[in-house]
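Heads up: the structure comes next, in structure tokens.
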Amino acid sequence: MSKTFLGVDAGATKTHALILNEDGAVLGFGESGPGNHESFGYEAAGKCIGDSIRQACAEASLEISDLTQSCFCLAGADVDSDFETLPEVMLRPIMGESPFLLKNDAFGCLRGGTTDPFGVMVNCGTAQVAVGRNREGKEIRLGGYGFEFGDFAGGGVIAMWAACALIREEDGRGEPTRLSPLLRERAQVSNAAEFLNKTYRDPEFFASLKIPKLVFLASREGDPIAKKIVLDCAEEMAVTAVALIRRLKMEEEVFDLVTAGSVFKGEDPDFIESIQKTVHSVAPKARFTMPLFDPVAGAALLAFEDAGLVADEAVYKQLEAFKL
């Protein structure tokens with residue numbers, strides 16, 4: 001029987017499972033609900049993960065026991081205790097005796113972002129996280145733990161500072177900013193008190209306002225407070241990337257630096273240009289790129305390579321046809 005490899009990418013909204021053969025051909029795909037145990041508990045998250053795997057196996061006409069190697073890239077696999085608990089409580093009941101790896105979901109994003117088995121990935125979405133792997137195989141993760149634990153970038157932080165700017169302008173502690181009318185209009189309120197009344201105890205409504213887009217708009221138009229928020233976020237992402245590069249001793253290397261997450265789609269070019277300037281002052285050969293493949297493909301490649309296989313041009317050509 002041909003060797004087969006499973007990749008699983010699970011987060012707070014969905015779970016994807018992908019099976020490849022040793023030529024890199026996609027044999028099966030499965031999709032289910034959220035697979036983050038932090039938000040939904042082990043049982044519910046495990047059910048979604050199991051459902052997606054069984055879908056992929058059914059499409060590939062395989063049993064789970066037929067899989068050569070698997071890699072789970074899971075949101076919520078964060079601290080040491082997660083790597084002790086998750087395999088036994090949530091994954092082993094699904095996989096039986098079939099071998100598997102467990103990594104944070106950021107590593108699937110890195111591996112799916114490049115055709116190299118090494119590089120750096122900085123993700124700036126709702127939150128921030130960054131991971132890197134050098135040519136020797138050393139891996140490091142930075143961040144992904146929240147503002148309280150040292151992460152000062154991400155859409156959530158951008159939205160927080162924008163809301164602060166609105167409140168502080170109206171109560172006299174801050175300067176006038178274009179952000180205030182933009183936020184009032186988006187929330188359909190006329191003042192800061194009404195904004196607080198609608199958002200203070202309703203985080204879902206606050207998130208639905210998509211405030212980071214407004215911040216980038218105001219920054220591009222030249223609003224100094226919005227520009228500072230954008231550039232502070234850029235500085236945090238650059239500092240994070242540089243820390244990874246230095247710790248992995250990649251300053252003189254040629255490597256892909258994958259930029260992932262919704263904030264990198266912001267409409268102010270000063271954001272990415274600021275990051276590039278700082279990173280290139282330390283690692284001039286770093287190649288900035290958007291992700292090439294979906295994270296679940298990255299997870300499958302990690303399983304593929306853990307089994308000793310090398311992903312070549314033919315494998316990547318097969319993966320190019322897989323798009324979610």
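Labels for the structure tokens follow display order: chains A, B, ..., residues from 1 in each chain, ligands from 1.
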
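Contact shell of range 133-141 of chain A at 8 Å (only C-alpha atoms; same-chain neighbours under 2 positions omitted): Pro117, Phe118, Gly119, Val120, Val129, Ala130, Val131, Gly143, Leu244, Leu248, Lys249 and Met250 of chain A.
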
Residue neighbourhood Glu175 in chain A, 9 Å, only C-alpha atoms, exclusion window fewer than 4 positions, as a PyMOL selection string: chain A and resi 165+168-170+225

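Between CA of Arg247 in chain A and CA of Val279 in chain A the interatomic distance comes to 13.7 Å.
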
Close residues, Asp256 in chain A itself excluded, 10 Å, only C-alpha atoms, min 3 positions apart in chain, as a VMD selection string: chain A and resid 110 113 to 116 118 to 121 253 259 285 to 291

Using only C-alpha atoms: which of A:Glu221, A:Glu305, A:Asp268, A:Glu313 has the shortest distance to Leu6 in chain A: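 That would be A:Glu305, the residue with the smallest distance to Leu6 in chain A.
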
Given only C-alpha atoms as the counted atoms, nearest of A:Val157, A:Ala243, A:Leu67, A:Val89 to Leu142 in chain A: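 Ranking A:Val157, A:Ala243, A:Leu67, A:Val89 by distance to Leu142 in chain A, first place goes to A:Ala243.
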
Atom-to-atom span, CA of Ser61 in chain A and CA of Asp312 in chain A, Å: 25.4 Å

Which of range 88-274 of chain A DSSP labels strand (DSSP E), written as number ranges by chain: A: 100-104, 119-124, 128-133, 139-142, 255-260

For range 211-220 of chain A: contacts at 7 Å, only C-alpha atoms, fewer than 4 positions along chain excluded, given as JSON, numbers by chain: {"A": [155, 158, 159, 162, 178, 179, 182, 224, 226, 227, 230, 266, 267, 268]}

Using only C-alpha atoms, please write the residues we just selected to a file, as a compact mmCIF listing (two decimals), in the first residue's frame.
# COMPACT_ATOMS: atom_id res chain seq x y z
CA GLY A 155 -6.38 43.27 15.17
CA ILE A 158 -5.53 47.79 17.05
CA ALA A 159 -9.26 47.89 17.79
CA ALA A 162 -8.87 52.90 18.37
CA ARG A 178 -10.39 60.95 12.42
CA LEU A 179 -11.02 57.64 14.17
CA LEU A 182 -15.37 56.64 11.76
CA PRO A 224 -1.53 60.89 13.26
CA ALA A 226 -4.26 56.11 13.54
CA LYS A 227 -0.81 56.19 11.96
CA VAL A 230 -0.55 51.11 12.71
CA GLY A 266 -4.57 46.50 5.57
CA GLU A 267 -4.64 49.36 3.10
CA ASP A 268 -1.75 51.45 4.44

Which residue of A:Gly24, A:Gly150, A:Gly50, A:Gly112 approaches Leu309 in chain A most closely, using only C-alpha atoms: A:Gly24
